[in-house]
Each structure stands twice: as C-alpha cells, then as structure tokens.
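One structure is given here, and the rest of the page talks about it.
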Amino acid sequence: MADHELDICLANEIGKLETLAERLEAYVEAEAIPPTPAYRLQLAADEFFNNAVDYGYPDGRAGEIALRVRRAGNVLEAIFSDDGNAFDPFQAPAPDIAGSLEERRIGGLGVHLVRTLADSVAYRREDGRNVVTLTFSLAATPQGSAPES
Amino acid sequence: MIHIERFVEGNVVVTAVRGRLDSSSSPKLDEFLAEAPAGGEVILLDFADLSYISSAGLRVVLKATKLARSSGATLAVCCLIPQVHEVFDVSGFSTLIPIHPSREAALATLA
C-alpha cells in the first residue's frame, strides 16, 4: 500500500463502526487533513457503513464493506464498496429539509448530508458490488458553509 | 464514547454532551431525553464538547425537539463547533432549532 492511502475492509456488522471511525481518525491525523474535510469524510463513511449494514443484506448473509481513501494533491478521494443488494443511494428522493417541525421526517437525511458535503458523488454497480466514489476538496472553505454555497 | 451531564441553571435544564453522537452512542442521549419535559420548561443542549454528530444523532435531537414542542417546552442548542454547525445547516435544522453561540448567550435569551 502506497503512502497517503487507507484501505479498510470490514464485516457487515454494526459493531465494526468503531473500528472504521478509529482508522479514519488515525488517517486524517497522519495526513494532517483540515478539520472540515476530515469531518465530512468521517460522516460519509459513517452514513454509508450504516446504510449498507442496515439495508444491504436483508437476508442476514455475511458481507464485506470496503473503504479506500487516497489523497491526490488538494483532493481527497473516497471509494466505498459493498457486496450488498444493488442500491444507488443518489437515486433516492431528497428529504424535505425546508418543512416545518411537524412535517419533518428524517428518512434519507444521511445520504442528503453526504451528497451536499462532498464535492462530487458517483455510483456504479460493478462485479456484484455497489461502488460509491466521493471527492472532498482540501482547499479552504468558509467555516460552516457547504462547498456548493 | 459519550458522556452526558444534566444540571439546572435558573429555569433552564442544561444537558451537556461530550464525545460523539453516532448510531452506537445516540440511543443513550435518546434515553436521557425520553421523558417529556414540563410545560414552560427550557431545555438547552450544550454541545461545546460534542466533536461529531451523524444523522443518527440528528434524529435524536429532532425527536427531542418535537417532544418539547408538544409538551409546551422549549429546546435550544448552543456552542456548536464549526463542523457540527455545518451539519445542522445542511440538514435544515438551523431553521427549526435555535442555535446560540455560547451558553451565556443562550441563558441570557432563554432564562
């Protein structure tokens, strides 16, 4: 494995979330990734891992969820893949985030956060795996604002 | 890992959360906030030491906000780090839940 790259492969068990978080934490520290892209990467990994575990294997079979992160210049690229049932998260309807408190439901919020906070998102189904590729810019962004704003 | 503390300042019940709110820790905050507040009560979630929140944590905050609203109580948050604030903004929570920059500012408004 080249420097500046992280490769993680985990069983589809929710208990592995802690391992994922710890490995990512160590990676962003070692790479001196600024706090905002580091947070966005960790959030994306967390949301995808949870979604894959919760919905990818409805028959309860054992599966494998992988994450590869690499830094190329000013861009952080993250590739998530899992061997769960085919599912394109970006085809799901966006949640209504402008509704009143009473109207607000939470379905799809995780994917919405990831889609908004990543600079690019892509999905493909490849060799029986869901593959999601995200990029995060390491260039300075104003605090508390999404890159698209 | 998460640590939750509750104390009362005047008529405001402050719940301070330290650590991470993800899918494994959020149920603990959910349990902590499960009891319906009394009418007129003010709940302040102090997130100064909250380093991380995912959609699982946001769900718990939304649920507590709805519970407070239906009980005639008020819920606000304070002291978000910039990355957590960004998640509140992007999820649209900033328009639903009052966010105060500091505990002092929150108490000055709410107490």
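Convention: chains lettered A, B, ... in structure tokens order; per-chain residue numbering from 1; ligands numbered from 1 as shown.
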Using only C-alpha atoms, determine which residues of chain A fall within 10 Å of chain B; present them as a PyMOL selection string.
chain A and resi 14-15+17-18+35-40+42-44+46-47+50+95-102+104-114+116-117+142-146
Contacts of Gly73 in chain A at 12 Å or less, counting only C-alpha atoms, minus same-chain residues fewer than 4 places along, as a PDB file with N, CA and C atoms, in the first residue's frame?
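Output below, filename out-v8.pdb:
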ATOM      1  N   HIS A   4      -0.057   7.600   2.065  1.00  0.00           N
ATOM      2  CA  HIS A   4      -1.194   8.501   1.819  1.00  0.00           C
ATOM      3  C   HIS A   4      -2.426   7.756   1.358  1.00  0.00           C
ATOM      4  N   GLU A  31      -2.318  12.421   8.004  1.00  0.00           N
ATOM      5  CA  GLU A  31      -2.253  13.191   6.759  1.00  0.00           C
ATOM      6  C   GLU A  31      -2.459  14.684   6.987  1.00  0.00           C
ATOM      7  N   ILE A  33      -5.145  16.280   7.562  1.00  0.00           N
ATOM      8  CA  ILE A  33      -6.313  16.764   6.815  1.00  0.00           C
ATOM      9  C   ILE A  33      -7.009  17.831   7.670  1.00  0.00           C
ATOM     10  N   GLU A  77     -10.034  11.561  -2.171  1.00  0.00           N
ATOM     11  CA  GLU A  77     -10.991  10.701  -2.863  1.00  0.00           C
ATOM     12  C   GLU A  77     -11.311   9.504  -1.972  1.00  0.00           C
ATOM     13  N   THR A 135     -15.525  12.812  -3.713  1.00  0.00           N
ATOM     14  CA  THR A 135     -14.327  13.631  -3.544  1.00  0.00           C
ATOM     15  C   THR A 135     -14.626  14.784  -2.595  1.00  0.00           C
ATOM     16  N   PHE A 136     -13.578  15.166  -1.885  1.00  0.00           N
ATOM     17  CA  PHE A 136     -13.658  16.294  -0.949  1.00  0.00           C
ATOM     18  C   PHE A 136     -12.466  17.200  -1.221  1.00  0.00           C
ATOM     19  N   SER A 137     -12.752  18.462  -1.416  1.00  0.00           N
ATOM     20  CA  SER A 137     -11.665  19.409  -1.637  1.00  0.00           C
ATOM     21  C   SER A 137     -10.967  19.705  -0.320  1.00  0.00           C
ATOM     22  N   LEU A 138      -9.628  19.809  -0.403  1.00  0.00           N
ATOM     23  CA  LEU A 138      -8.869  20.175   0.795  1.00  0.00           C
ATOM     24  C   LEU A 138      -8.587  21.668   0.830  1.00  0.00           C
ATOM     25  N   ALA A 139      -9.015  22.364  -0.235  1.00  0.00           N
ATOM     26  CA  ALA A 139      -8.842  23.818  -0.244  1.00  0.00           C
ATOM     27  C   ALA A 139      -9.739  24.418   0.825  1.00  0.00           C
TER      28      ALA A 139
END
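In terms of minimum interatomic distance to Arg61 in chain A, A:Ala11 ranks closest within A:Leu76, A:Ala11, A:Tyr27, A:Pro34, counting only C-alpha atoms.
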8 Å contact set for Ala73 in chain B, only C-alpha atoms, chain neighbours under 4 positions out, as an MDAnalysis selection string:
chainID B and resid 37:43 68:69
Taking the chain letters and numbering used in this document, name the residues of chain A that DSSP puts in strand (DSSP E or B), as a ChimeraX atom specification.
/A:5-11,64-72,75-82,120-126,129-137
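Atom pair CA of Thr109 in chain B / CA of Ala16 in chain B has a distance of 17.9 Å (rounded to one decimal).
CA of Arg6 in chain B is found 10.4 Å from CA of Leu33 in chain B.
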I'd like the neighbourhood of Ala106 in chain B as a PDB file with N, CA, C and O atoms, in the first residue's frame, where a residue qualifies if any of its atoms comes within 12 Å (using only C-alpha atoms), though same-chain residues fewer than 5 positions away should be ignored.
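Wrote it out as out-v4.pdb, contents follow:
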ATOM      1  N   GLU B   9     -29.828  25.578  35.576  1.00  0.00           N
ATOM      2  CA  GLU B   9     -29.412  26.974  35.764  1.00  0.00           C
ATOM      3  C   GLU B   9     -30.663  27.823  35.682  1.00  0.00           C
ATOM      4  O   GLU B   9     -31.197  28.023  34.596  1.00  0.00           O
ATOM      5  N   VAL B  12     -33.623  26.885  33.398  1.00  0.00           N
ATOM      6  CA  VAL B  12     -33.130  26.178  32.217  1.00  0.00           C
ATOM      7  C   VAL B  12     -32.465  24.869  32.637  1.00  0.00           C
ATOM      8  O   VAL B  12     -31.612  24.854  33.527  1.00  0.00           O
ATOM      9  N   VAL B  13     -32.886  23.787  32.008  1.00  0.00           N
ATOM     10  CA  VAL B  13     -32.238  22.497  32.243  1.00  0.00           C
ATOM     11  C   VAL B  13     -31.173  22.318  31.159  1.00  0.00           C
ATOM     12  O   VAL B  13     -31.489  22.230  29.976  1.00  0.00           O
ATOM     13  N   VAL B  14     -29.922  22.313  31.596  1.00  0.00           N
ATOM     14  CA  VAL B  14     -28.816  22.195  30.645  1.00  0.00           C
ATOM     15  C   VAL B  14     -28.389  20.734  30.560  1.00  0.00           C
ATOM     16  O   VAL B  14     -28.132  20.095  31.575  1.00  0.00           O
ATOM     17  N   VAL B  42     -37.404  24.933  29.855  1.00  0.00           N
ATOM     18  CA  VAL B  42     -36.458  25.236  28.775  1.00  0.00           C
ATOM     19  C   VAL B  42     -35.318  24.228  28.828  1.00  0.00           C
ATOM     20  O   VAL B  42     -34.697  24.033  29.874  1.00  0.00           O
ATOM     21  N   ILE B  43     -35.093  23.562  27.706  1.00  0.00           N
ATOM     22  CA  ILE B  43     -34.016  22.568  27.622  1.00  0.00           C
ATOM     23  C   ILE B  43     -32.927  23.139  26.737  1.00  0.00           C
ATOM     24  O   ILE B  43     -33.188  23.540  25.595  1.00  0.00           O
ATOM     25  N   LEU B  44     -31.722  23.171  27.265  1.00  0.00           N
ATOM     26  CA  LEU B  44     -30.585  23.635  26.457  1.00  0.00           C
ATOM     27  C   LEU B  44     -29.611  22.473  26.285  1.00  0.00           C
ATOM     28  O   LEU B  44     -29.112  21.921  27.273  1.00  0.00           O
ATOM     29  N   LEU B  45     -29.359  22.095  25.044  1.00  0.00           N
ATOM     30  CA  LEU B  45     -28.356  21.067  24.766  1.00  0.00           C
ATOM     31  C   LEU B  45     -27.032  21.785  24.530  1.00  0.00           C
ATOM     32  O   LEU B  45     -26.880  22.517  23.548  1.00  0.00           O
ATOM     33  N   ASP B  46     -26.103  21.595  25.461  1.00  0.00           N
ATOM     34  CA  ASP B  46     -24.797  22.239  25.339  1.00  0.00           C
ATOM     35  C   ASP B  46     -23.856  21.257  24.625  1.00  0.00           C
ATOM     36  O   ASP B  46     -23.451  20.238  25.191  1.00  0.00           O
ATOM     37  N   LEU B  75     -36.774  23.924  23.337  1.00  0.00           N
ATOM     38  CA  LEU B  75     -35.462  23.295  23.245  1.00  0.00           C
ATOM     39  C   LEU B  75     -34.557  24.146  22.375  1.00  0.00           C
ATOM     40  O   LEU B  75     -34.970  24.620  21.312  1.00  0.00           O
ATOM     41  N   ALA B  76     -33.338  24.358  22.843  1.00  0.00           N
ATOM     42  CA  ALA B  76     -32.340  25.094  22.065  1.00  0.00           C
ATOM     43  C   ALA B  76     -31.008  24.383  22.211  1.00  0.00           C
ATOM     44  O   ALA B  76     -30.842  23.532  23.094  1.00  0.00           O
ATOM     45  N   VAL B  77     -30.078  24.711  21.321  1.00  0.00           N
ATOM     46  CA  VAL B  77     -28.737  24.143  21.431  1.00  0.00           C
ATOM     47  C   VAL B  77     -27.733  25.298  21.496  1.00  0.00           C
ATOM     48  O   VAL B  77     -28.036  26.424  21.100  1.00  0.00           O
ATOM     49  N   CYS B  78     -26.552  24.987  22.013  1.00  0.00           N
ATOM     50  CA  CYS B  78     -25.512  26.018  21.999  1.00  0.00           C
ATOM     51  C   CYS B  78     -24.144  25.409  21.767  1.00  0.00           C
ATOM     52  O   CYS B  78     -23.962  24.205  21.892  1.00  0.00           O
ATOM     53  N   CYS B  79     -23.221  26.299  21.397  1.00  0.00           N
ATOM     54  CA  CYS B  79     -21.786  26.012  21.422  1.00  0.00           C
ATOM     55  C   CYS B  79     -21.365  24.963  20.395  1.00  0.00           C
ATOM     56  O   CYS B  79     -20.535  24.101  20.687  1.00  0.00           O
ATOM     57  N   PRO B  98     -33.359  26.846  17.690  1.00  0.00           N
ATOM     58  CA  PRO B  98     -32.495  27.993  17.979  1.00  0.00           C
ATOM     59  C   PRO B  98     -31.081  27.535  18.339  1.00  0.00           C
ATOM     60  O   PRO B  98     -30.916  26.613  19.154  1.00  0.00           O
ATOM     61  N   ILE B  99     -30.082  28.164  17.717  1.00  0.00           N
ATOM     62  CA  ILE B  99     -28.683  27.823  17.983  1.00  0.00           C
ATOM     63  C   ILE B  99     -28.001  29.057  18.570  1.00  0.00           C
ATOM     64  O   ILE B  99     -27.999  30.115  17.947  1.00  0.00           O
ATOM     65  N   HIS B 100     -27.442  28.902  19.763  1.00  0.00           N
ATOM     66  CA  HIS B 100     -26.771  30.022  20.422  1.00  0.00           C
ATOM     67  C   HIS B 100     -25.265  29.791  20.411  1.00  0.00           C
ATOM     68  O   HIS B 100     -24.815  28.662  20.549  1.00  0.00           O
ATOM     69  N   PRO B 101     -24.488  30.875  20.248  1.00  0.00           N
ATOM     70  CA  PRO B 101     -23.038  30.714  20.138  1.00  0.00           C
ATOM     71  C   PRO B 101     -22.384  30.261  21.440  1.00  0.00           C
ATOM     72  O   PRO B 101     -21.355  29.568  21.409  1.00  0.00           O
ATOM     73  N   ALA B 111     -33.385  32.316  29.788  1.00  0.00           N
ATOM     74  CA  ALA B 111     -33.703  32.280  31.230  1.00  0.00           C
ATOM     75  C   ALA B 111     -34.743  33.344  31.589  1.00  0.00           C
ATOM     76  O   ALA B 111     -34.901  34.320  30.873  1.00  0.00           O
TER      77      ALA B 111
END
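The interatomic distance for the pair CA of Leu80 in chain B and CA of Asp119 in chain A works out to 23.3 Å.
Backbone DSSP over range 35-101 of chain B gives alpha helix (DSSP H) for Ser55, Ala56, Gly57, Leu58, Arg59, Val60, Val61, Leu62, Lys63, Ala64, Thr65, Lys66, Leu67, Ala68, Arg69, Ser70, Pro82, Gln83, Val84, His85, Glu86, Val87, Phe88, Asp89 and Val90 of chain B.
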Residues as selected, C-alpha atoms, written as a tab-separated table (two decimals), in the first residue's frame, can you do that?
chain	number	residue	atom	x	y	z
B	55	SER	CA	-27.73	11.66	11.00
B	56	ALA	CA	-28.36	9.21	13.86
B	57	GLY	CA	-27.59	11.98	16.35
B	58	LEU	CA	-29.69	14.50	14.41
B	59	ARG	CA	-32.67	12.13	14.64
B	60	VAL	CA	-32.42	12.16	18.42
B	61	VAL	CA	-32.20	15.96	18.52
B	62	LEU	CA	-35.23	16.26	16.21
B	63	LYS	CA	-37.22	13.79	18.29
B	64	ALA	CA	-36.41	15.72	21.49
B	65	THR	CA	-37.38	18.99	19.77
B	66	LYS	CA	-40.75	17.56	18.76
B	67	LEU	CA	-41.32	16.17	22.24
B	68	ALA	CA	-40.52	19.56	23.79
B	69	ARG	CA	-42.80	21.37	21.36
B	70	SER	CA	-45.70	19.01	22.05
B	82	PRO	CA	-18.00	24.70	13.06
B	83	GLN	CA	-18.23	21.19	11.59
B	84	VAL	CA	-21.25	20.27	13.70
B	85	HIS	CA	-22.80	23.64	12.87
B	86	GLU	CA	-22.36	22.81	9.18
B	87	VAL	CA	-24.29	19.56	9.64
B	88	PHE	CA	-27.10	21.46	11.39
B	89	ASP	CA	-27.17	23.95	8.48
B	90	VAL	CA	-27.13	21.37	5.70
